[in-house]
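Below: the structure, in structure tokens.
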Amino acid sequence: MTNPQIAAALEELAVLYQLDGADRYRVLAYVNSARTIRSEGSSVEEMAKNGTVTSLPGVGKTLEEKIIALVETGEIPAAAKLKEKLPAGLIEMNRIPGLGPKTVRRLHDELDVSTLDELKAAAEAHEVSAMKGLGPKQEANIVEGIERLQAEPEGPERKRLDEILPIAEELVEILREHASCEEAEIAGSVRRLTDTCKDVDLIATSESPKELATHIAGGKPVASAGKPSETGVRLETHTGVGVDVRIVEPDAFGNLLQHFTGSAAHNERLRAIAVKEGLHVSENGVLDDKTGKTDLFKTEKEVYKRLGYDYIEPELREQRGELEAARDGKLPKLISRQDIKGDLHCHTTLSDGHDTLEEMAEAAQELGYEYLAITDHSASHGFGDHVTPDRLWQRIEEVSRYNEGNAKSKKNFRLLAGSEVNIGTKGELDYEDDLLDALDWVIASIHTSFSKDEKKMTSRMIAAIENPLVDCIGHPTGRLLNKRDPYPLNIGEAISAAFESGTLFEINSNPQRRDLNDIHARMAADAGVGIVINTDAHRAETLSYINYGIATARRAWLGPDQVLNTGEWWK
Ligand code: DGT
Ligand code: CA
Ligand code: ZN
């Protein structure tokens with residue numbers, strides 16, 4: 001059993017207990033330990049079997065017993081009992097966003113509904129809004145939630161890049177440590193640094209492929225493996241990630257890497273153009289019709305050169321014009337981590353951040369930055385210390401004192417006093433103009449009242465864009481990968497407005513956001529809108545998220561000139 005399967009069983013048990021009427025705090029232990037188990041890198045099944053599972057935080061004797069029963073019999077007895085007692089539809093209802101077990105239980109008891117379809121019918125007949133404590137908003141939410149659940153495609157969800165990249169890197173190191181391994185690389189969508197990935201593709205070259213496949217199959221992160229062969233092996237990690245390992249002879253490494261990096265669309269177009277020129281491209285080489293000879297290449301650069309192209313960075317291989325540009329020598333020079341001179345979006349303990357202003361400043365200097373904007377949430381945001389106008393005026397003083405101290409020690413680093421100001425429903429901002437004007441840097445973001453009305457959301461956004469006191473729009477579309485769709489926004493109109501008013505757009509680097517996305521960032525930059533790449537870090541460590549933002553920027557074809565925080569602080 002993989003760790004996510006064990007975690008899912010414990011989460012289900014927690015839901016069952018609550019549906020049965022248990023208090024939330026009584027089941028919190030299950031929810032918390034499920035989270036721990038889901039991201040654990042070693043086999044929890046093994047730990048349960050050899051008696052060490054209680055070493056995991058929050059896992060005590062009771063839980064240990066349940067996990068042992070689960071891995072030995074495939075189910076937890078307590079869960080099996082409750083499932084007999086409760087209709088299966090209640091667990092499904094619990095998956096409707098915004099609906100907890102308590103409400104599900106009430107819906108079942110008061111409306112006599114046991115399936116999603118029955119609940120939908122009851123909601124459409126306005127029986128839900130007639131219940132005490134529930135209104136038309138929840139009712140509409142339920143109908144929409146059920147429609148979404150029923151439209152969801154089967155199969156496991158794609159993993160975000162940050163959930164998958166560290167595992168891919170760990171596995172590639174395990175390949176490289178084997179004596180017979182000549183080269184090993186990550187391929188597929190993980191190498192192209194896409195937002196989400198279905199699985200990990202690894203490729204390697206070796207004179208003893210089967211030995212190497214056997215070696216990786218025994219690696220620590222591996223939960224289960226197919227039969228190792230001369231061509232590779234298929235694995236699954238403890239965190240539930242599928243891994244394809246393909247191994248060939250060293251001479252064809254370039255061909256193999258190029259083929260399995262993809263994307264499929266890029267490769268299809270590449271092959272179609274080659275065929276017209278009498279060349280057949282595959283993972284096994286480039287066959288020339290004229291000579292009947294197949295060329296093998298050690299590097300991708302040689303593969304592209306043979307086909308008449310400049311080398312194409314993996315992030316660009318999406319069949320978005322990169323082949324044509326590479327033919328004409330017109331590929332962009334892409335931005336890289338070394339170009340970034342400062343981060344313009346982060347939070348401290350003043351709002352919902354974990355670390356202080358000084359700690360964030362320290363971490364930014366360790367990254368080699370010249371500036372960092374402190375942009376805590378604005379007054380109406382509703383958690384942490386509410387950053388009242390008075391408190392923000394005080395913060396401006398604190399920032400300038402910090403900078404005076406830094407100037408004395410002749411450090412080339414400066415803090416910027418900023419704010420991430422909420423955009424109200426009409427596009428109005430949280431603070432008075434004189435305060436916004438006193439700040440070095442103002443980001444405006446939408447965090448509340450996501451409307452379904454595209455026109456309303458667009459004009460709200462444009463009002464903020466056109467406000468001369470706003471420097472930049474934060475996470476412009478509001479999406480959360482695998483969690484929340486972007487709010488409806490006419491991005492073309494927003495981009496035009498930003499260009500007209502000189503307002504910048506952020507690429508938010510948080511790997512759950514990556515917002516703007518690659519396509520929108522390219523649209524914005526092509527239209528002449530200035531881009532900044534920020535982390536939105538809520539703790540010092542996550543200033544390192546900048547790499548995900550840079551990945552998005554590279555996928556958007558951006559060079560250092562199009563990104564303002566590659567230069568000195570400019571205001
Ligand atoms: P993913 O896994 O959905 O996030 O995206 P990829 O690009 O990693 O796709 P995947 O894992 O199915 O295949 C890895 C690469 O191998 C893919 O980008 C191109 C190449 N490839 C594999 N199978 C095919 C195929 O049937 N046709 C083509 N054109 N390319 C393929
Ligand atoms: Ca893949
Ligand atoms: Zn925000």
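Ligands are numbered from 1 in the order shown, residues from 1 within each chain, and chains are lettered A, B, ... in the order they appear in the structure tokens.
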
List all protein, DNA and RNA residues that have any atom at most 6 Å from ligand 2, counting only C-alpha atoms and all ligand atoms, and write the list as a VMD selection string. chain A and resid 188 to 189 198 to 201

Using the selection just defined, write its residues with C-alpha atoms as a PDB file, in the first residue's frame.
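For reference, part-v2.pdb as written:
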```
ATOM      1  CA  GLY A 188       9.122  14.555 -19.812  1.00  0.00           C
ATOM      2  CA  SER A 189       6.996  17.337 -18.401  1.00  0.00           C
ATOM      3  CA  LYS A 198       1.266  13.121 -14.710  1.00  0.00           C
ATOM      4  CA  ASP A 199       4.399  11.169 -13.850  1.00  0.00           C
ATOM      5  CA  VAL A 200       8.199  11.235 -13.800  1.00  0.00           C
ATOM      6  CA  ASP A 201      10.191  10.184 -16.870  1.00  0.00           C
TER       7      ASP A 201
END
```

List all protein, DNA and RNA residues that have at least one atom no more than 10 Å from any atom of ligand 1, counting only C-alpha atoms and all ligand atoms, and write them as a PDB file with C-alpha atoms, in the first residue's frame.
```
ATOM      1  CA  ARG A 158      -1.864  15.358 -11.895  1.00  0.00           C
ATOM      2  CA  LYS A 159       0.698  16.425  -9.322  1.00  0.00           C
ATOM      3  CA  ARG A 160       1.974  19.969  -8.999  1.00  0.00           C
ATOM      4  CA  LEU A 161       5.612  20.435 -10.024  1.00  0.00           C
ATOM      5  CA  ILE A 186      14.960  13.861 -15.891  1.00  0.00           C
ATOM      6  CA  ALA A 187      12.839  14.003 -19.068  1.00  0.00           C
ATOM      7  CA  GLY A 188       9.122  14.555 -19.812  1.00  0.00           C
ATOM      8  CA  SER A 189       6.996  17.337 -18.401  1.00  0.00           C
ATOM      9  CA  VAL A 190       9.080  17.522 -15.211  1.00  0.00           C
ATOM     10  CA  ARG A 191      12.054  18.640 -17.313  1.00  0.00           C
ATOM     11  CA  ARG A 192       9.872  21.136 -19.174  1.00  0.00           C
ATOM     12  CA  LEU A 193       8.842  22.487 -15.735  1.00  0.00           C
ATOM     13  CA  THR A 194       5.108  22.458 -16.499  1.00  0.00           C
ATOM     14  CA  ASP A 195       2.621  23.502 -13.784  1.00  0.00           C
ATOM     15  CA  THR A 196       1.511  19.920 -13.148  1.00  0.00           C
ATOM     16  CA  CYS A 197       2.836  16.533 -14.222  1.00  0.00           C
ATOM     17  CA  LYS A 198       1.266  13.121 -14.710  1.00  0.00           C
ATOM     18  CA  ASP A 199       4.399  11.169 -13.850  1.00  0.00           C
ATOM     19  CA  VAL A 200       8.199  11.235 -13.800  1.00  0.00           C
ATOM     20  CA  ASP A 201      10.191  10.184 -16.870  1.00  0.00           C
ATOM     21  CA  LEU A 202      13.819   9.317 -16.266  1.00  0.00           C
ATOM     22  CA  GLY A 242       4.505   6.859 -11.165  1.00  0.00           C
ATOM     23  CA  VAL A 243       8.022   6.755 -12.636  1.00  0.00           C
ATOM     24  CA  ASP A 244       9.129   5.505 -16.050  1.00  0.00           C
ATOM     25  CA  LEU A 256      16.505   9.389 -26.216  1.00  0.00           C
ATOM     26  CA  LEU A 257      16.545  12.537 -24.097  1.00  0.00           C
ATOM     27  CA  GLN A 258      15.118  14.604 -26.943  1.00  0.00           C
ATOM     28  CA  HIS A 259      12.353  12.080 -27.605  1.00  0.00           C
ATOM     29  CA  PHE A 260      11.247  11.581 -24.015  1.00  0.00           C
ATOM     30  CA  THR A 261      11.442  15.239 -23.051  1.00  0.00           C
ATOM     31  CA  GLY A 262       8.599  15.938 -25.459  1.00  0.00           C
ATOM     32  CA  SER A 263       6.231  17.524 -25.540  1.00  0.00           C
ATOM     33  CA  ALA A 264       4.352  15.082 -27.740  1.00  0.00           C
ATOM     34  CA  ALA A 265       3.096  18.044 -29.803  1.00  0.00           C
ATOM     35  CA  HIS A 266       6.614  19.443 -30.259  1.00  0.00           C
ATOM     36  CA  ASN A 267       7.913  16.048 -31.354  1.00  0.00           C
ATOM     37  CA  GLU A 268       5.062  15.413 -33.759  1.00  0.00           C
ATOM     38  CA  ARG A 269       5.710  18.683 -35.543  1.00  0.00           C
ATOM     39  CA  LEU A 270       9.456  18.075 -35.512  1.00  0.00           C
ATOM     40  CA  ARG A 271       8.952  14.655 -37.126  1.00  0.00           C
ATOM     41  CA  SER A 282      12.776   8.605 -33.296  1.00  0.00           C
ATOM     42  CA  GLU A 283      14.247   7.774 -29.901  1.00  0.00           C
ATOM     43  CA  ARG A 317       9.164  22.648 -26.381  1.00  0.00           C
ATOM     44  CA  GLU A 318       5.398  23.078 -26.456  1.00  0.00           C
TER      45      GLU A 318
END
```

Please list as a list in words every residue within 10 Å of Arg479 in chain A, counting only C-alpha atoms and excluding residues in the same chain fewer than 2 positions away. His475, Pro476, Thr477, Leu481, Asn482, Lys483, Arg484, Asp485, Pro486, Tyr487, Gln512, Arg513, Arg514, Asp515, Leu516 and Asn517 of chain A

Within 10 Å of Asp526 in chain A, counting only C-alpha atoms, which residues qualify if same-chain residues fewer than 2 places away don't, as a PDB file with N, CA and C atoms, in the first residue's frame?
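Below you can see out-v6.pdb, which holds the result:
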```pdb
ATOM      1  N   ILE A 495      -4.852  43.202 -19.914  1.00  0.00           N
ATOM      2  CA  ILE A 495      -3.505  43.462 -20.454  1.00  0.00           C
ATOM      3  C   ILE A 495      -3.455  44.816 -21.160  1.00  0.00           C
ATOM      4  N   HIS A 520      -0.416  33.454 -20.495  1.00  0.00           N
ATOM      5  CA  HIS A 520      -0.812  34.837 -20.214  1.00  0.00           C
ATOM      6  C   HIS A 520       0.411  35.742 -20.033  1.00  0.00           C
ATOM      7  N   ALA A 521       1.457  35.226 -19.420  1.00  0.00           N
ATOM      8  CA  ALA A 521       2.662  36.044 -19.223  1.00  0.00           C
ATOM      9  C   ALA A 521       3.261  36.411 -20.586  1.00  0.00           C
ATOM     10  N   ARG A 522       3.207  35.463 -21.510  1.00  0.00           N
ATOM     11  CA  ARG A 522       3.745  35.754 -22.834  1.00  0.00           C
ATOM     12  C   ARG A 522       2.866  36.782 -23.553  1.00  0.00           C
ATOM     13  N   MET A 523       1.557  36.629 -23.426  1.00  0.00           N
ATOM     14  CA  MET A 523       0.633  37.611 -24.017  1.00  0.00           C
ATOM     15  C   MET A 523       0.910  39.002 -23.475  1.00  0.00           C
ATOM     16  N   ALA A 524       1.050  39.088 -22.145  1.00  0.00           N
ATOM     17  CA  ALA A 524       1.241  40.393 -21.499  1.00  0.00           C
ATOM     18  C   ALA A 524       2.556  41.020 -21.948  1.00  0.00           C
ATOM     19  N   GLY A 528       3.650  44.465 -24.349  1.00  0.00           N
ATOM     20  CA  GLY A 528       4.449  45.558 -23.792  1.00  0.00           C
ATOM     21  C   GLY A 528       4.231  45.816 -22.316  1.00  0.00           C
ATOM     22  N   VAL A 529       3.515  44.921 -21.637  1.00  0.00           N
ATOM     23  CA  VAL A 529       3.310  45.083 -20.191  1.00  0.00           C
ATOM     24  C   VAL A 529       4.569  44.610 -19.462  1.00  0.00           C
ATOM     25  N   GLY A 530       5.027  45.404 -18.495  1.00  0.00           N
ATOM     26  CA  GLY A 530       6.196  45.014 -17.706  1.00  0.00           C
ATOM     27  C   GLY A 530       5.829  43.892 -16.738  1.00  0.00           C
ATOM     28  N   ALA A 556       7.269  31.229 -20.841  1.00  0.00           N
ATOM     29  CA  ALA A 556       6.595  32.341 -21.516  1.00  0.00           C
ATOM     30  C   ALA A 556       7.548  33.055 -22.486  1.00  0.00           C
ATOM     31  N   TRP A 557       8.720  32.480 -22.725  1.00  0.00           N
ATOM     32  CA  TRP A 557       9.714  33.026 -23.660  1.00  0.00           C
ATOM     33  C   TRP A 557      10.335  34.330 -23.164  1.00  0.00           C
ATOM     34  N   LEU A 558      10.282  34.625 -21.883  1.00  0.00           N
ATOM     35  CA  LEU A 558      10.746  35.922 -21.402  1.00  0.00           C
ATOM     36  C   LEU A 558      12.261  35.978 -21.236  1.00  0.00           C
ATOM     37  N   GLN A 562      12.538  41.847 -20.226  1.00  0.00           N
ATOM     38  CA  GLN A 562      11.085  42.000 -20.061  1.00  0.00           C
ATOM     39  C   GLN A 562      10.648  41.907 -18.602  1.00  0.00           C
TER      40      GLN A 562
END
```

Would you mind telling me which residue in A:Pro87, A:Gly474, A:Leu331, A:Gly98 lies nearest to Asp112 in chain A when using only C-alpha atoms?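 Closest candidate: A:Pro87.
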
Between CA of Asn490 in chain A and CA of Asp440 in chain A, what is the spacing in Å?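 Spanning CA of Asp440 in chain A to CA of Asn490 in chain A is a straight-line distance of 29.0 Å.
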
Select from chain A every residue with an atom at most 10 Å from any atom of ligand 3, then for each give the shortest pair of atoms and their distance in Å to one decimal, using only C-alpha atoms and all ligand atoms, rows by chain and rising number, as CSV.
```
residue,atom,partner,partner_atom_place_in_ligand_line,distance
A:His345,CA,ligand 3,1 (Zn),8.8
A:Cys346,CA,ligand 3,1 (Zn),9.3
A:His347,CA,ligand 3,1 (Zn),9.4
A:Thr375,CA,ligand 3,1 (Zn),9.4
A:Asp376,CA,ligand 3,1 (Zn),9.0
A:His377,CA,ligand 3,1 (Zn),7.4
A:His381,CA,ligand 3,1 (Zn),9.7
A:Glu420,CA,ligand 3,1 (Zn),6.7
A:Val421,CA,ligand 3,1 (Zn),8.6
A:Asn422,CA,ligand 3,1 (Zn),8.3
A:Ile443,CA,ligand 3,1 (Zn),8.9
A:Ala444,CA,ligand 3,1 (Zn),8.5
A:Ser445,CA,ligand 3,1 (Zn),5.9
A:Ile446,CA,ligand 3,1 (Zn),7.3
A:His447,CA,ligand 3,1 (Zn),6.5
A:Ile473,CA,ligand 3,1 (Zn),9.7
A:Gly474,CA,ligand 3,1 (Zn),6.3
A:His475,CA,ligand 3,1 (Zn),6.6
A:Pro476,CA,ligand 3,1 (Zn),9.4
A:Gly478,CA,ligand 3,1 (Zn),8.4
A:Asn508,CA,ligand 3,1 (Zn),9.0
A:Asp536,CA,ligand 3,1 (Zn),7.1
```

Can I get the selected residues back with N, CA and C atoms, as a PDB file, in the first residue's frame?
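And here is the file that came out, again22.pdb:
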```
ATOM      1  N   HIS A 345       7.430  40.869  -3.399  1.00  0.00           N
ATOM      2  CA  HIS A 345       6.178  40.452  -2.760  1.00  0.00           C
ATOM      3  C   HIS A 345       6.504  39.438  -1.666  1.00  0.00           C
ATOM      4  N   CYS A 346       6.351  39.833  -0.404  1.00  0.00           N
ATOM      5  CA  CYS A 346       6.496  38.860   0.677  1.00  0.00           C
ATOM      6  C   CYS A 346       5.729  39.339   1.907  1.00  0.00           C
ATOM      7  N   HIS A 347       5.494  38.430   2.811  1.00  0.00           N
ATOM      8  CA  HIS A 347       4.697  38.711   4.012  1.00  0.00           C
ATOM      9  C   HIS A 347       5.546  38.471   5.261  1.00  0.00           C
ATOM     10  N   THR A 375       5.461  43.363   1.751  1.00  0.00           N
ATOM     11  CA  THR A 375       4.095  43.669   1.283  1.00  0.00           C
ATOM     12  C   THR A 375       3.070  42.861   2.072  1.00  0.00           C
ATOM     13  N   ASP A 376       2.876  43.220   3.331  1.00  0.00           N
ATOM     14  CA  ASP A 376       1.867  42.505   4.114  1.00  0.00           C
ATOM     15  C   ASP A 376       0.462  42.827   3.613  1.00  0.00           C
ATOM     16  N   HIS A 377      -0.475  41.958   3.970  1.00  0.00           N
ATOM     17  CA  HIS A 377      -1.870  42.158   3.562  1.00  0.00           C
ATOM     18  C   HIS A 377      -2.422  43.443   4.163  1.00  0.00           C
ATOM     19  N   HIS A 381      -8.021  42.519   5.218  1.00  0.00           N
ATOM     20  CA  HIS A 381      -7.780  41.128   4.839  1.00  0.00           C
ATOM     21  C   HIS A 381      -8.291  40.132   5.877  1.00  0.00           C
ATOM     22  N   GLU A 420       0.385  44.632   0.072  1.00  0.00           N
ATOM     23  CA  GLU A 420      -0.457  43.914  -0.883  1.00  0.00           C
ATOM     24  C   GLU A 420      -1.891  44.305  -0.540  1.00  0.00           C
ATOM     25  N   VAL A 421      -2.391  45.251  -1.284  1.00  0.00           N
ATOM     26  CA  VAL A 421      -3.660  45.887  -0.941  1.00  0.00           C
ATOM     27  C   VAL A 421      -4.821  45.127  -1.587  1.00  0.00           C
ATOM     28  N   ASN A 422      -5.834  44.844  -0.794  1.00  0.00           N
ATOM     29  CA  ASN A 422      -7.024  44.193  -1.347  1.00  0.00           C
ATOM     30  C   ASN A 422      -7.763  45.114  -2.311  1.00  0.00           C
ATOM     31  N   ILE A 443       1.246  46.636  -4.413  1.00  0.00           N
ATOM     32  CA  ILE A 443       0.649  45.544  -5.189  1.00  0.00           C
ATOM     33  C   ILE A 443      -0.838  45.544  -4.880  1.00  0.00           C
ATOM     34  N   ALA A 444      -1.672  45.398  -5.886  1.00  0.00           N
ATOM     35  CA  ALA A 444      -3.111  45.268  -5.642  1.00  0.00           C
ATOM     36  C   ALA A 444      -3.541  43.870  -6.071  1.00  0.00           C
ATOM     37  N   SER A 445      -4.294  43.203  -5.196  1.00  0.00           N
ATOM     38  CA  SER A 445      -4.707  41.827  -5.483  1.00  0.00           C
ATOM     39  C   SER A 445      -6.174  41.630  -5.127  1.00  0.00           C
ATOM     40  N   ILE A 446      -6.809  40.711  -5.838  1.00  0.00           N
ATOM     41  CA  ILE A 446      -8.173  40.303  -5.489  1.00  0.00           C
ATOM     42  C   ILE A 446      -8.085  39.045  -4.624  1.00  0.00           C
ATOM     43  N   HIS A 447      -8.658  39.129  -3.415  1.00  0.00           N
ATOM     44  CA  HIS A 447      -8.644  37.972  -2.507  1.00  0.00           C
ATOM     45  C   HIS A 447     -10.043  37.547  -2.100  1.00  0.00           C
ATOM     46  N   ILE A 473      -0.118  44.326 -10.259  1.00  0.00           N
ATOM     47  CA  ILE A 473      -1.234  43.460  -9.898  1.00  0.00           C
ATOM     48  C   ILE A 473      -0.676  42.112  -9.425  1.00  0.00           C
ATOM     49  N   GLY A 474      -1.095  41.683  -8.230  1.00  0.00           N
ATOM     50  CA  GLY A 474      -0.616  40.412  -7.676  1.00  0.00           C
ATOM     51  C   GLY A 474      -1.448  39.244  -8.183  1.00  0.00           C
ATOM     52  N   HIS A 475      -0.804  38.083  -8.344  1.00  0.00           N
ATOM     53  CA  HIS A 475      -1.469  36.853  -8.846  1.00  0.00           C
ATOM     54  C   HIS A 475      -2.746  37.184  -9.618  1.00  0.00           C
ATOM     55  N   PRO A 476      -2.577  37.710 -10.852  1.00  0.00           N
ATOM     56  CA  PRO A 476      -3.695  38.353 -11.551  1.00  0.00           C
ATOM     57  C   PRO A 476      -4.950  37.502 -11.796  1.00  0.00           C
ATOM     58  N   GLY A 478      -5.888  34.607  -9.870  1.00  0.00           N
ATOM     59  CA  GLY A 478      -6.412  34.008  -8.643  1.00  0.00           C
ATOM     60  C   GLY A 478      -6.503  32.493  -8.632  1.00  0.00           C
ATOM     61  N   ASN A 508       3.446  35.294 -10.038  1.00  0.00           N
ATOM     62  CA  ASN A 508       3.547  34.837  -8.658  1.00  0.00           C
ATOM     63  C   ASN A 508       4.174  33.445  -8.684  1.00  0.00           C
ATOM     64  N   ASP A 536       5.872  35.940  -3.164  1.00  0.00           N
ATOM     65  CA  ASP A 536       4.739  35.930  -2.235  1.00  0.00           C
ATOM     66  C   ASP A 536       5.099  35.065  -1.014  1.00  0.00           C
TER      67      ASP A 536
END
```

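With only C-alpha atoms as the basis for measurement, A:Ala78 is the residue among A:Val275, A:Leu504, A:Ala78, A:Ala69 that approaches Glu12 in chain A most closely.
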
Which of A:Leu212, A:Ala553, A:Ile37, A:Leu107 sits closest to Lys333 in chain A [using only C-alpha atoms]: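 Among the listed residues, A:Ala553 lies closest to Lys333 in chain A.
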
With distances taken over only C-alpha atoms, which residue among A:Leu436, A:Lys411, A:Glu302, A:Gly427 lies nearest Thr448 in chain A? A:Gly427

Residues flagged strand (DSSP E or B) by DSSP in range 129-370 of chain A, as JSON, numbers by chain: {"A": [159, 160, 181, 182, 183, 184, 185, 186, 187, 196, 197, 200, 201, 202, 203, 204, 205, 206, 222, 223, 224, 225, 229, 232, 233, 234, 235, 236, 237, 242, 243, 244, 245, 246, 247, 248, 279, 280, 281, 282, 285, 286, 287, 288, 293, 294, 295, 342, 343, 346]}

Among range 187-374 of chain A, which residues carry a DSSP assignment of helix (DSSP H, G or I), reported as a VMD selection string? chain A and resid 188 to 192 209 to 217 250 to 261 264 to 276 300 to 306 314 to 316 322 to 327 337 to 339 357 to 366

Quick one: of A:Ala223, A:Ile216, A:Leu119, A:Leu90, who's nearest to Val245 in chain A, counting only C-alpha atoms? A:Ile216

Find the residues around Glu183 in chain A up to 8 Å (only C-alpha atoms counted), leave out those fewer than 5 positions away in its own chain, and share them as number ranges by chain. A: 176, 204-206, 250, 253

Please produce a file of the residues just selected, as an mmCIF file, in the first residue's frame, where the atoms kept are C-alpha atoms.
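Output file again22.cif is given in full below:
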```cif
data_model
loop_
_atom_site.group_PDB
_atom_site.id
_atom_site.type_symbol
_atom_site.label_atom_id
_atom_site.label_comp_id
_atom_site.auth_asym_id
_atom_site.auth_seq_id
_atom_site.Cartn_x
_atom_site.Cartn_y
_atom_site.Cartn_z
ATOM 1 C CA ARG A 176 23.893 8.277 -11.115
ATOM 2 C CA ALA A 204 19.769 6.804 -18.462
ATOM 3 C CA THR A 205 22.545 5.154 -20.399
ATOM 4 C CA SER A 206 24.419 2.104 -19.211
ATOM 5 C CA PRO A 250 25.338 5.574 -24.387
ATOM 6 C CA PHE A 253 21.567 9.489 -25.209
#
```

For Leu543 in chain A, find every residue with an atom within 10 Å (counting only C-alpha atoms), except residues of its own chain fewer than 4 positions away, and show them as a ChimeraX atom specification. /A:343,345-346,360,363-364,367,509-510,534-539,547

Written file, previous selection with N, CA and C atoms, as a short mmCIF file (atom, residue, chain, number, x, y, z; two decimals), in the first residue's frame:
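again-v4.cif was written with the following content:
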```
data_model
loop_
_atom_site.label_atom_id
_atom_site.label_comp_id
_atom_site.auth_asym_id
_atom_site.auth_seq_id
_atom_site.Cartn_x
_atom_site.Cartn_y
_atom_site.Cartn_z
N ASP A 343 13.15 40.74 -4.77
CA ASP A 343 11.82 40.11 -4.71
C ASP A 343 10.85 41.20 -4.24
N HIS A 345 7.43 40.87 -3.40
CA HIS A 345 6.18 40.45 -2.76
C HIS A 345 6.50 39.44 -1.67
N CYS A 346 6.35 39.83 -0.40
CA CYS A 346 6.50 38.86 0.68
C CYS A 346 5.73 39.34 1.91
N MET A 360 13.26 38.12 7.10
CA MET A 360 13.04 38.10 5.65
C MET A 360 14.17 38.84 4.94
N ALA A 363 17.30 36.74 4.82
CA ALA A 363 17.21 35.65 3.84
C ALA A 363 17.36 36.19 2.42
N ALA A 364 16.80 37.37 2.16
CA ALA A 364 16.91 37.95 0.82
C ALA A 364 18.37 38.26 0.50
N LEU A 367 20.32 35.32 -0.54
CA LEU A 367 20.08 34.95 -1.93
C LEU A 367 20.80 35.89 -2.90
N SER A 509 5.31 33.30 -7.98
CA SER A 509 6.10 32.07 -8.09
C SER A 509 5.65 30.94 -7.19
N ASN A 510 4.73 31.23 -6.27
CA ASN A 510 4.25 30.15 -5.41
C ASN A 510 3.80 28.99 -6.29
N ASN A 534 7.77 37.46 -8.56
CA ASN A 534 7.79 37.54 -7.09
C ASN A 534 7.49 36.19 -6.48
N THR A 535 7.84 36.05 -5.18
CA THR A 535 7.54 34.75 -4.55
C THR A 535 6.27 34.76 -3.72
N ASP A 536 5.87 35.94 -3.16
CA ASP A 536 4.74 35.93 -2.24
C ASP A 536 5.10 35.07 -1.01
N ALA A 537 6.41 35.05 -0.66
CA ALA A 537 6.87 34.18 0.42
C ALA A 537 6.18 34.54 1.74
N HIS A 538 5.73 33.54 2.45
CA HIS A 538 5.16 33.73 3.79
C HIS A 538 6.13 33.25 4.87
N ARG A 539 7.30 32.81 4.47
CA ARG A 539 8.39 32.50 5.40
C ARG A 539 9.71 32.61 4.64
N ASN A 547 12.36 30.08 -8.15
CA ASN A 547 12.68 29.18 -9.26
C ASN A 547 11.44 28.74 -10.05
#
```

Using only C-alpha atoms for the distances, tell me which of A:Asn565, A:Thr458, A:Asn406, A:Ser33 is nearest to Leu10 in chain A. A:Ser33

Would you pick out the contacts of Leu134 in chain A at 12 Å or less, using only C-alpha atoms, so that residues sharing its chain but fewer than 3 positions from it are not included, and give the list as number ranges by chain? A: 99, 103-104, 106-107, 123, 126-131, 137-142

Print the selection's residues with C-alpha atoms to a file, as a PDB file, in the first residue's frame.
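Saved the output as again_32.pdb:
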```
ATOM      1  CA  LEU A  99     -19.799  21.205   2.674  1.00  0.00           C
ATOM      2  CA  THR A 103     -24.146  19.692   7.216  1.00  0.00           C
ATOM      3  CA  VAL A 104     -24.106  16.492   5.144  1.00  0.00           C
ATOM      4  CA  ARG A 106     -28.299  17.261   8.499  1.00  0.00           C
ATOM      5  CA  LEU A 107     -29.120  17.165   4.785  1.00  0.00           C
ATOM      6  CA  ALA A 123     -31.430  21.742  -3.923  1.00  0.00           C
ATOM      7  CA  HIS A 126     -35.160  24.866  -3.046  1.00  0.00           C
ATOM      8  CA  GLU A 127     -35.508  22.517  -0.103  1.00  0.00           C
ATOM      9  CA  VAL A 128     -31.945  23.261   1.032  1.00  0.00           C
ATOM     10  CA  SER A 129     -32.423  27.024   1.367  1.00  0.00           C
ATOM     11  CA  ALA A 130     -35.538  26.361   3.424  1.00  0.00           C
ATOM     12  CA  MET A 131     -33.409  24.672   6.093  1.00  0.00           C
ATOM     13  CA  LYS A 137     -25.931  30.866  -1.721  1.00  0.00           C
ATOM     14  CA  GLN A 138     -25.152  27.450  -0.178  1.00  0.00           C
ATOM     15  CA  GLU A 139     -27.895  25.935  -2.285  1.00  0.00           C
ATOM     16  CA  ALA A 140     -26.402  27.210  -5.537  1.00  0.00           C
ATOM     17  CA  ASN A 141     -22.996  26.116  -4.277  1.00  0.00           C
ATOM     18  CA  ILE A 142     -24.246  22.576  -3.738  1.00  0.00           C
TER      19      ILE A 142
END
```
